[in-house]
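What's in start_39.txt: compact mmCIF, C-alpha atoms
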# COMPACT_ATOMS: atom_id res chain seq x y z
CA MET A 1 12.42 -26.61 137.84
CA SER A 2 15.28 -24.76 136.26
CA THR A 3 16.28 -21.19 137.06
CA THR A 4 15.67 -20.06 133.42
CA THR A 5 12.03 -21.31 133.43
CA THR A 6 11.29 -19.48 136.69
CA ARG A 7 12.65 -16.16 135.38
CA SER A 8 10.56 -16.46 132.16
CA ALA A 9 7.39 -17.13 134.13
CA SER A 10 7.99 -14.08 136.29
CA ARG A 11 8.57 -11.85 133.27
CA ILE A 12 5.20 -12.67 131.58
CA PRO A 13 2.94 -10.87 134.13
CA ALA A 14 5.34 -7.95 134.11
CA GLN A 15 5.21 -7.72 130.32
CA ARG A 16 1.40 -7.99 130.31
CA SER A 17 1.19 -5.30 132.93
CA ALA A 18 3.44 -3.04 130.91
CA THR A 19 1.43 -3.72 127.71
CA ASP A 20 -1.93 -3.06 129.42
CA GLY A 21 -0.54 0.12 130.94
CA ALA A 22 0.67 1.37 127.57
CA ALA A 23 -2.69 0.48 125.93
CA ALA A 24 -4.62 2.24 128.68
CA LYS A 25 -2.34 5.24 128.30
CA ASN A 26 -2.88 5.32 124.55
CA ARG A 27 -6.65 4.75 124.84
CA ARG A 28 -8.39 8.11 125.17
CA VAL A 29 -10.89 8.26 127.98
CA ARG A 30 -14.27 9.43 126.64
CA ARG A 31 -16.00 12.01 128.78
CA ARG A 32 -19.59 11.63 129.83
CA GLY A 33 -21.93 12.68 127.05
CA GLU A 34 -19.20 12.72 124.44
CA ARG A 35 -20.17 10.97 121.21
CA SER A 36 -18.13 8.22 119.64
CA PRO A 37 -16.44 8.87 116.28
CA LEU A 38 -19.13 6.76 114.56
CA ALA A 39 -21.93 8.75 116.21
CA LYS A 40 -20.25 12.02 115.20
CA ALA A 41 -19.94 10.84 111.61
CA LEU A 42 -23.62 9.83 111.51
CA THR A 43 -24.68 13.14 113.04
CA HIS A 44 -22.69 15.17 110.54
CA GLY A 45 -24.00 13.01 107.70
CA ILE A 46 -27.62 13.54 108.74
CA LEU A 47 -27.08 17.29 109.14
CA ALA A 48 -25.45 17.47 105.72
CA VAL A 49 -28.38 15.64 104.11
CA ALA A 50 -30.87 17.89 105.94
CA SER A 51 -28.99 20.98 104.75
CA LEU A 52 -29.04 19.75 101.17
CA ILE A 53 -32.77 19.07 101.39
CA ALA A 54 -33.37 22.57 102.78
CA LEU A 55 -31.23 24.25 100.12
CA PHE A 56 -32.51 22.23 97.19
CA PRO A 57 -35.75 24.23 96.58
CA VAL A 58 -33.83 27.53 96.59
CA VAL A 59 -31.12 26.23 94.27
CA TRP A 60 -33.69 24.61 91.97
CA LEU A 61 -35.80 27.78 91.82
CA THR A 62 -32.72 29.85 90.99
CA TYR A 63 -31.78 27.34 88.29
CA LEU A 64 -35.24 27.44 86.71
CA SER A 65 -35.17 31.24 86.73
CA LEU A 66 -32.28 31.11 84.25
CA GLY A 67 -34.36 29.38 81.59
CA PRO A 68 -35.39 31.83 78.82
CA ASP A 69 -38.60 30.01 77.91
CA LYS A 70 -41.71 29.59 80.04
CA ASP A 71 -41.78 25.82 79.44
CA ASP A 72 -38.13 25.19 80.27
CA TYR A 73 -39.15 23.74 83.62
CA LEU A 74 -40.45 20.73 81.69
CA HIS A 75 -36.94 20.06 80.34
CA PRO A 76 -34.59 21.34 83.06
CA GLY A 77 -31.57 19.59 81.52
CA ASN A 78 -31.61 22.04 78.60
CA ILE A 79 -31.48 25.16 80.77
CA LEU A 80 -27.78 24.92 81.52
CA SER A 81 -26.78 25.30 77.86
CA LYS A 82 -28.89 28.43 77.33
CA ALA A 83 -28.92 30.00 80.80
CA THR A 84 -29.51 33.74 80.77
CA LEU A 85 -30.40 36.61 83.09
CA ASP A 86 -33.01 38.00 80.71
CA ASN A 87 -35.84 36.98 83.03
CA TYR A 88 -34.46 39.21 85.78
CA SER A 89 -34.04 42.09 83.36
CA TYR A 90 -37.60 41.69 82.13
CA VAL A 91 -39.04 41.58 85.64
CA LEU A 92 -37.10 44.68 86.74
CA GLU A 93 -37.74 46.72 83.59
CA HIS A 94 -41.16 45.71 82.28
CA THR A 95 -43.25 44.93 85.36
CA GLN A 96 -44.42 46.84 88.43
CA PHE A 97 -41.78 45.09 90.54
CA PHE A 98 -40.53 48.18 92.37
CA TYR A 99 -44.09 49.28 93.16
CA TRP A 100 -44.72 45.80 94.53
CA ALA A 101 -41.51 46.01 96.55
CA ALA A 102 -42.44 49.40 97.99
CA SER A 103 -45.98 48.26 98.84
CA THR A 104 -44.73 45.05 100.43
CA LEU A 105 -42.13 46.82 102.58
CA ILE A 106 -44.64 49.47 103.67
CA VAL A 107 -47.18 46.85 104.66
CA ALA A 108 -44.69 44.43 106.25
CA LEU A 109 -42.74 47.05 108.22
CA GLY A 110 -45.92 48.91 109.19
CA THR A 111 -47.53 45.70 110.40
CA THR A 112 -44.38 44.78 112.31
CA LEU A 113 -44.14 48.18 114.02
CA VAL A 114 -47.82 48.55 114.92
CA GLY A 115 -48.41 44.86 115.67
CA VAL A 116 -45.38 44.42 117.94
CA LEU A 117 -46.11 47.69 119.76
CA PHE A 118 -49.67 46.61 120.60
CA ALA A 119 -48.62 43.03 121.33
CA ALA A 120 -45.77 44.10 123.64
CA THR A 121 -47.88 46.50 125.71
CA THR A 122 -50.76 44.04 125.90
CA GLY A 123 -48.45 41.13 126.71
CA TYR A 124 -46.79 43.12 129.49
CA ALA A 125 -50.17 44.14 130.92
CA VAL A 126 -51.56 40.59 131.03
CA SER A 127 -48.26 39.33 132.42
CA ARG A 128 -48.09 41.76 135.35
CA MET A 129 -51.69 42.73 136.09
CA ARG A 130 -54.85 40.91 137.09
CA PHE A 131 -58.06 42.75 136.35
CA PRO A 132 -61.77 41.96 135.84
CA GLY A 133 -62.21 40.14 132.57
CA TYR A 134 -58.63 38.88 132.52
CA ARG A 135 -59.45 35.27 131.66
CA PRO A 136 -62.13 36.13 129.04
CA LEU A 137 -59.60 38.46 127.39
CA MET A 138 -56.97 35.73 127.20
CA TRP A 139 -59.52 33.29 125.80
CA MET A 140 -60.66 35.85 123.25
CA LEU A 141 -57.08 36.40 122.09
CA LEU A 142 -56.74 32.66 121.69
CA LEU A 143 -60.05 32.13 119.90
CA THR A 144 -59.29 34.78 117.28
CA GLN A 145 -56.68 32.38 115.91
CA ALA A 146 -59.35 29.73 115.37
CA PHE A 147 -61.41 31.66 112.81
CA PRO A 148 -60.54 31.04 109.14
CA ILE A 149 -59.53 34.12 107.18
CA ALA A 150 -62.32 33.50 104.67
CA VAL A 151 -64.87 34.00 107.44
CA LEU A 152 -63.34 37.32 108.47
CA ILE A 153 -63.00 38.87 105.03
CA VAL A 154 -66.67 39.69 104.36
CA PRO A 155 -67.48 41.53 107.64
CA ILE A 156 -64.13 43.30 107.63
CA TYR A 157 -64.64 44.38 104.03
CA GLU A 158 -68.03 45.92 104.87
CA ILE A 159 -66.58 47.76 107.87
CA PHE A 160 -63.58 49.04 105.95
CA SER A 161 -65.77 50.09 103.04
CA GLU A 162 -67.75 52.30 105.40
CA LEU A 163 -64.52 53.73 106.83
CA GLY A 164 -62.91 54.33 103.43
CA LEU A 165 -59.99 52.01 104.15
CA ILE A 166 -60.29 49.83 101.04
CA ASP A 167 -57.18 49.97 98.81
CA THR A 168 -55.11 51.73 101.47
CA TYR A 169 -51.94 50.68 103.22
CA GLN A 170 -53.40 51.65 106.57
CA GLY A 171 -56.32 49.31 106.05
CA LEU A 172 -54.14 46.34 105.10
CA ILE A 173 -51.79 46.97 108.05
CA LEU A 174 -54.75 47.10 110.40
CA ILE A 175 -56.17 43.85 109.00
CA ASN A 176 -52.85 42.06 109.33
CA CYS A 177 -52.64 43.20 112.95
CA THR A 178 -55.92 41.44 113.71
CA THR A 179 -54.19 38.11 113.27
CA ILE A 180 -50.68 39.03 114.39
CA VAL A 181 -51.40 40.89 117.64
CA PRO A 182 -53.21 38.01 119.42
CA TYR A 183 -50.48 35.49 118.63
CA CYS A 184 -47.62 37.86 119.51
CA THR A 185 -49.41 38.86 122.72
CA TRP A 186 -49.38 35.26 123.91
CA LEU A 187 -45.80 34.90 122.74
CA LEU A 188 -44.56 37.98 124.58
CA LYS A 189 -46.63 37.27 127.70
CA GLY A 190 -44.68 34.05 128.10
CA TYR A 191 -41.42 35.94 127.73
CA PHE A 192 -42.39 38.74 130.14
CA ASP A 193 -43.32 36.08 132.70
CA THR A 194 -39.68 35.01 132.78
CA ILE A 195 -38.50 38.51 133.81
CA PRO A 196 -38.48 38.88 137.62
CA GLY A 197 -41.15 41.14 139.09
CA GLU A 198 -38.56 42.66 141.43
CA ILE A 199 -37.36 44.76 138.50
CA ASP A 200 -40.82 46.36 138.29
CA GLU A 201 -40.76 47.05 142.02
CA ALA A 202 -37.32 48.65 141.73
CA GLY A 203 -38.61 50.87 138.94
CA ARG A 204 -41.59 52.01 140.99
CA ILE A 205 -39.32 52.75 143.98
CA ASP A 206 -37.23 54.93 141.69
CA GLY A 207 -40.35 56.86 140.72
CA LEU A 208 -41.06 55.40 137.30
CA SER A 209 -44.61 55.10 136.04
CA PRO A 210 -45.86 51.67 134.89
CA PHE A 211 -45.22 52.63 131.25
CA GLY A 212 -41.81 54.07 132.18
CA THR A 213 -40.93 50.82 133.93
CA PHE A 214 -42.01 48.89 130.86
CA TRP A 215 -40.19 51.13 128.40
CA ARG A 216 -36.93 51.75 130.30
CA LEU A 217 -36.43 48.55 132.28
CA ILE A 218 -38.47 45.66 130.90
CA LEU A 219 -38.33 46.27 127.17
CA PRO A 220 -34.49 46.19 126.93
CA LEU A 221 -34.50 42.84 128.75
CA ALA A 222 -37.13 41.49 126.37
CA LYS A 223 -35.24 42.22 123.14
CA PRO A 224 -34.90 38.55 122.16
CA GLY A 225 -38.65 38.00 122.60
CA ILE A 226 -39.40 41.22 120.71
CA ALA A 227 -37.13 40.05 117.88
CA VAL A 228 -39.02 36.76 117.60
CA ALA A 229 -42.37 38.57 117.53
CA ALA A 230 -41.07 41.08 114.96
CA PHE A 231 -39.76 38.32 112.73
CA TYR A 232 -43.08 36.46 112.87
CA ALA A 233 -45.04 39.66 112.13
CA PHE A 234 -42.78 40.64 109.23
CA ILE A 235 -42.84 37.22 107.57
CA THR A 236 -46.60 36.86 108.02
CA ALA A 237 -47.35 40.28 106.52
CA PHE A 238 -44.76 39.79 103.78
CA ALA A 239 -46.30 36.57 102.51
CA GLU A 240 -49.97 37.26 103.24
CA VAL A 241 -52.19 36.69 100.19
CA ALA A 242 -55.90 36.52 101.04
CA PHE A 243 -56.31 39.96 102.63
CA ALA A 244 -54.00 41.70 100.14
CA ASN A 245 -55.81 40.15 97.19
CA THR A 246 -59.17 41.32 98.50
CA PHE A 247 -58.44 44.77 99.89
CA MET A 248 -55.77 46.12 97.49
CA LEU A 249 -57.32 47.04 94.15
CA SER A 250 -54.66 49.19 92.40
CA ASP A 251 -51.92 47.27 90.60
CA THR A 252 -49.34 49.78 91.87
CA LYS A 253 -50.31 48.85 95.44
CA TYR A 254 -50.02 45.12 94.96
CA THR A 255 -47.73 43.28 97.31
CA PHE A 256 -45.28 40.68 96.05
CA ALA A 257 -47.68 37.83 96.74
CA ILE A 258 -50.33 39.40 94.51
CA GLY A 259 -47.83 40.62 91.93
CA LEU A 260 -46.71 37.05 91.34
CA SER A 261 -50.24 36.11 90.34
CA SER A 262 -50.07 38.59 87.44
CA PHE A 263 -47.81 36.12 85.61
CA VAL A 264 -50.62 33.56 85.60
CA SER A 265 -53.51 33.98 83.20
CA GLU A 266 -56.51 31.75 82.57
CA HIS A 267 -54.73 29.62 79.98
CA ASP A 268 -51.05 30.36 80.45
CA ALA A 269 -48.35 30.86 83.09
CA GLN A 270 -44.93 32.50 82.76
CA TRP A 271 -43.06 30.10 85.02
CA ASN A 272 -39.62 31.48 84.16
CA LEU A 273 -40.66 35.03 85.14
CA MET A 274 -42.34 33.78 88.29
CA ALA A 275 -39.14 31.97 89.29
CA ALA A 276 -37.02 35.09 88.67
CA THR A 277 -39.45 37.24 90.66
CA ALA A 278 -39.48 34.74 93.51
CA VAL A 279 -35.68 34.85 93.72
CA LEU A 280 -35.74 38.65 93.82
CA ILE A 281 -38.45 38.59 96.48
CA ALA A 282 -36.33 36.39 98.72
CA ILE A 283 -33.59 39.03 98.95
CA PRO A 284 -35.30 41.44 101.42
CA VAL A 285 -36.52 38.54 103.57
CA THR A 286 -33.00 37.15 103.73
CA ALA A 287 -31.62 40.58 104.65
CA PHE A 288 -34.21 40.99 107.42
CA PHE A 289 -33.46 37.53 108.77
CA TYR A 290 -29.74 38.34 108.78
CA LEU A 291 -30.36 41.49 110.82
CA VAL A 292 -32.45 39.80 113.52
CA GLN A 293 -30.88 36.33 113.57
CA LYS A 294 -28.78 36.97 116.69
CA HIS A 295 -31.76 38.03 118.80
CA LEU A 296 -33.98 35.48 117.07
CA VAL A 297 -31.86 32.51 118.13
CA THR A 298 -31.51 33.91 121.64
CA GLY A 299 -35.26 34.46 121.92
CA LEU A 300 -36.18 31.01 120.68
CA THR A 301 -33.68 29.41 123.04
CA ALA A 302 -34.89 31.44 126.00
CA GLY A 303 -38.49 30.55 125.21
CA GLY A 304 -37.59 26.88 125.09
CA THR A 305 -35.82 26.85 128.45
CA LYS A 306 -37.89 29.32 130.46
CA GLY A 307 -41.34 29.14 128.92
Would you kindly transcribe this structure into structure tokens?
Amino acid sequence: MSTTTTRSASRIPAQRSATDGAAAKNRRVRRRGERSPLAKALTHGILAVASLIALFPVVWLTYLSLGPDKDDYLHPGNILSKATLDNYSYVLEHTQFFYWAASTLIVALGTTLVGVLFAATTGYAVSRMRFPGYRPLMWMLLLTQAFPIAVLIVPIYEIFSELGLIDTYQGLILINCTTIVPYCTWLLKGYFDTIPGEIDEAGRIDGLSPFGTFWRLILPLAKPGIAVAAFYAFITAFAEVAFANTFMLSDTKYTFAIGLSSFVSEHDAQWNLMAATAVLIAIPVTAFFYLVQKHLVTGLTAGGTKG
């Protein structure tokens, strides 16, 4: 064997070693749990499609609200050439929109304030205390969610008629609380259970009463849970139809949900005006969601990990 052949054979492993070393150096080591580029692309694609699906109804509703004629929804392609804001002007100037807005905000905010207050105190009590009738009370709070609203309307109407609460904001707030307080009580009980009982003991050692402990120590820690309950109460009262349609008789006390029905008659429907009103209605809900979104996300996450 010649000397040249031997040197070439010895260089091949060295070259391979150098090549493999350079490839390994260039190849990025993927950490545990890190997605591949293909998985990332698929994830972003799915999220983009989901976002488009979620936004489509809002965009489509806004688009239909620009059509000047009530039947433009049958030919949506023609709306773009004659888009106008006249529907919004008509709704704001020639309907009871601002009365509906005032009534809706009074009912929704009143229900949120009263409902969350009762639900928070009740949830804290059933979370920290054991008393005779504890289990029947919890079952009763749960069973109230099983009754259809149609079953509750007739007896509640008779009771409220005797009390003079028909066609009053107080009456509608009280009715909404009958469905919101039980659900929010269970919701907040689960959140209060995640707060250590040692905080209550520290409050009692410092001389606080049970309500003082709840108000000054526990309630600030439960802000995320309170935000979730408040958001649920506000949205439920804002969009409630059955109770508002039955118990509110004056057109100036209609809520948005009932005001929308005024655009529908027995033989006709003003779809363009309904679309414009629906877009305007979404503005206060969006503003409320923006205000509570920080605590809302925190509360939902905490409930998912601790509950």
At what distance in Å, to one decimal, does CA of Val228 in chain A lie from CA of Leu113 in chain A?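 Computed distance, CA of Leu113 in chain A to CA of Val228 in chain A, equals 13.0 Å.
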Please provide the set of residues having any atom within 12 Å of range 204-220 of chain A, restricted to all atoms listed in the file, with same-chain residues fewer than 4 positions apart removed, written as a PDB file with C-alpha atoms, in the coordinates of the input.
ATOM      1  CA  VAL A 116     -45.380  44.420 117.940  1.00  0.00           C
ATOM      2  CA  LEU A 117     -46.110  47.690 119.760  1.00  0.00           C
ATOM      3  CA  ALA A 120     -45.770  44.100 123.640  1.00  0.00           C
ATOM      4  CA  THR A 121     -47.880  46.500 125.710  1.00  0.00           C
ATOM      5  CA  THR A 122     -50.760  44.040 125.900  1.00  0.00           C
ATOM      6  CA  GLY A 123     -48.450  41.130 126.710  1.00  0.00           C
ATOM      7  CA  TYR A 124     -46.790  43.120 129.490  1.00  0.00           C
ATOM      8  CA  ALA A 125     -50.170  44.140 130.920  1.00  0.00           C
ATOM      9  CA  SER A 127     -48.260  39.330 132.420  1.00  0.00           C
ATOM     10  CA  ARG A 128     -48.090  41.760 135.350  1.00  0.00           C
ATOM     11  CA  MET A 129     -51.690  42.730 136.090  1.00  0.00           C
ATOM     12  CA  LEU A 188     -44.560  37.980 124.580  1.00  0.00           C
ATOM     13  CA  TYR A 191     -41.420  35.940 127.730  1.00  0.00           C
ATOM     14  CA  PHE A 192     -42.390  38.740 130.140  1.00  0.00           C
ATOM     15  CA  ASP A 193     -43.320  36.080 132.700  1.00  0.00           C
ATOM     16  CA  THR A 194     -39.680  35.010 132.780  1.00  0.00           C
ATOM     17  CA  ILE A 195     -38.500  38.510 133.810  1.00  0.00           C
ATOM     18  CA  PRO A 196     -38.480  38.880 137.620  1.00  0.00           C
ATOM     19  CA  GLY A 197     -41.150  41.140 139.090  1.00  0.00           C
ATOM     20  CA  GLU A 198     -38.560  42.660 141.430  1.00  0.00           C
ATOM     21  CA  ILE A 199     -37.360  44.760 138.500  1.00  0.00           C
ATOM     22  CA  ASP A 200     -40.820  46.360 138.290  1.00  0.00           C
ATOM     23  CA  PRO A 224     -34.900  38.550 122.160  1.00  0.00           C
ATOM     24  CA  GLY A 225     -38.650  38.000 122.600  1.00  0.00           C
ATOM     25  CA  ILE A 226     -39.400  41.220 120.710  1.00  0.00           C
ATOM     26  CA  ALA A 227     -37.130  40.050 117.880  1.00  0.00           C
ATOM     27  CA  HIS A 295     -31.760  38.030 118.800  1.00  0.00           C
TER      28      HIS A 295
END
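With distances restricted to all atoms listed in the file, A:Ile106 is the closest residue to Lys253 in chain A from A:Val114, A:Val285, A:Val181, A:Ile106.
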Find the residue from A:Leu152, A:Ala146, A:Leu105, A:Cys184 that sits nearest to Phe256 in chain A; use all atoms listed in the file when measuring. A:Leu105
Env of Ile281 in chain A: 10 Å cut, atoms = all atoms listed in the file, seq-sep filter 5 positions within chain, self excluded. Answer as a short mmCIF file (atom, residue, chain, number, x, y, z; two decimals) with C-alpha atoms, in the frame of the given file.
data_model
loop_
_atom_site.label_atom_id
_atom_site.label_comp_id
_atom_site.auth_asym_id
_atom_site.auth_seq_id
_atom_site.Cartn_x
_atom_site.Cartn_y
_atom_site.Cartn_z
CA PHE A 97 -41.78 45.09 90.54
CA TRP A 100 -44.72 45.80 94.53
CA ALA A 101 -41.51 46.01 96.55
CA THR A 104 -44.73 45.05 100.43
CA PHE A 238 -44.76 39.79 103.78
CA PHE A 256 -45.28 40.68 96.05
CA ALA A 257 -47.68 37.83 96.74
CA LEU A 260 -46.71 37.05 91.34
CA ALA A 275 -39.14 31.97 89.29
CA ALA A 276 -37.02 35.09 88.67
CA THR A 286 -33.00 37.15 103.73
#
Distance CA of Leu172 in chain A-CA of Pro148 in chain A, one decimal place? 17.1 Å
If you measure from CA of Trp60 in chain A to CA of Ala269 in chain A, what distance in Å do you get, rounded to one decimal?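 Atom-to-atom, CA of Trp60 in chain A and CA of Ala269 in chain A are spaced 18.2 Å apart.
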Build an axis-aligned box that encloses every atom of range 258-269 of chain A listed in the file, pad it by 4 Å on each side, and report its centre and edge lengths in Å to one decimal, as lines of an AutoDock Vina configuration file.
center_x = -51.6
center_y = 35.1
center_z = 87.2
size_x = 17.8
size_y = 19.0
size_z = 22.5
List the neighbours of Val126 in chain A out to 10 Å using only C-alpha atoms; skip same-chain residues closer than 6 positions along the sequence, and give me the result as a PDB file with C-alpha atoms, in the frame of the given file.
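Below you can see selection23.pdb, which holds the result:
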ATOM      1  CA  TYR A 134     -58.630  38.880 132.520  1.00  0.00           C
ATOM      2  CA  ARG A 135     -59.450  35.270 131.660  1.00  0.00           C
ATOM      3  CA  LEU A 137     -59.600  38.460 127.390  1.00  0.00           C
ATOM      4  CA  MET A 138     -56.970  35.730 127.200  1.00  0.00           C
ATOM      5  CA  THR A 185     -49.410  38.860 122.720  1.00  0.00           C
ATOM      6  CA  TRP A 186     -49.380  35.260 123.910  1.00  0.00           C
ATOM      7  CA  LEU A 188     -44.560  37.980 124.580  1.00  0.00           C
ATOM      8  CA  LYS A 189     -46.630  37.270 127.700  1.00  0.00           C
ATOM      9  CA  GLY A 190     -44.680  34.050 128.100  1.00  0.00           C
ATOM     10  CA  PHE A 192     -42.390  38.740 130.140  1.00  0.00           C
ATOM     11  CA  ASP A 193     -43.320  36.080 132.700  1.00  0.00           C
TER      12      ASP A 193
END
Residues within 12 Å of (-38.8, 40.9, 81.4), counting only C-alpha atoms, listed as a PyMOL selection string: chain A and resi 65+68-70+84-97+263+270+272-277
At most 10 Å from (-46.0, 35.9, 110.2), file frame, all atoms listed in the file: which residues, as a PDB file with C-alpha atoms, in the coordinates of the input?
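As a result, selection.pdb now contains:
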ATOM      1  CA  ALA A 108     -44.690  44.430 106.250  1.00  0.00           C
ATOM      2  CA  THR A 111     -47.530  45.700 110.400  1.00  0.00           C
ATOM      3  CA  THR A 112     -44.380  44.780 112.310  1.00  0.00           C
ATOM      4  CA  ASN A 176     -52.850  42.060 109.330  1.00  0.00           C
ATOM      5  CA  THR A 179     -54.190  38.110 113.270  1.00  0.00           C
ATOM      6  CA  ILE A 180     -50.680  39.030 114.390  1.00  0.00           C
ATOM      7  CA  TYR A 183     -50.480  35.490 118.630  1.00  0.00           C
ATOM      8  CA  CYS A 184     -47.620  37.860 119.510  1.00  0.00           C
ATOM      9  CA  ALA A 229     -42.370  38.570 117.530  1.00  0.00           C
ATOM     10  CA  ALA A 230     -41.070  41.080 114.960  1.00  0.00           C
ATOM     11  CA  PHE A 231     -39.760  38.320 112.730  1.00  0.00           C
ATOM     12  CA  TYR A 232     -43.080  36.460 112.870  1.00  0.00           C
ATOM     13  CA  ALA A 233     -45.040  39.660 112.130  1.00  0.00           C
ATOM     14  CA  PHE A 234     -42.780  40.640 109.230  1.00  0.00           C
ATOM     15  CA  ILE A 235     -42.840  37.220 107.570  1.00  0.00           C
ATOM     16  CA  THR A 236     -46.600  36.860 108.020  1.00  0.00           C
ATOM     17  CA  ALA A 237     -47.350  40.280 106.520  1.00  0.00           C
ATOM     18  CA  PHE A 238     -44.760  39.790 103.780  1.00  0.00           C
ATOM     19  CA  ALA A 239     -46.300  36.570 102.510  1.00  0.00           C
ATOM     20  CA  GLU A 240     -49.970  37.260 103.240  1.00  0.00           C
TER      21      GLU A 240
END
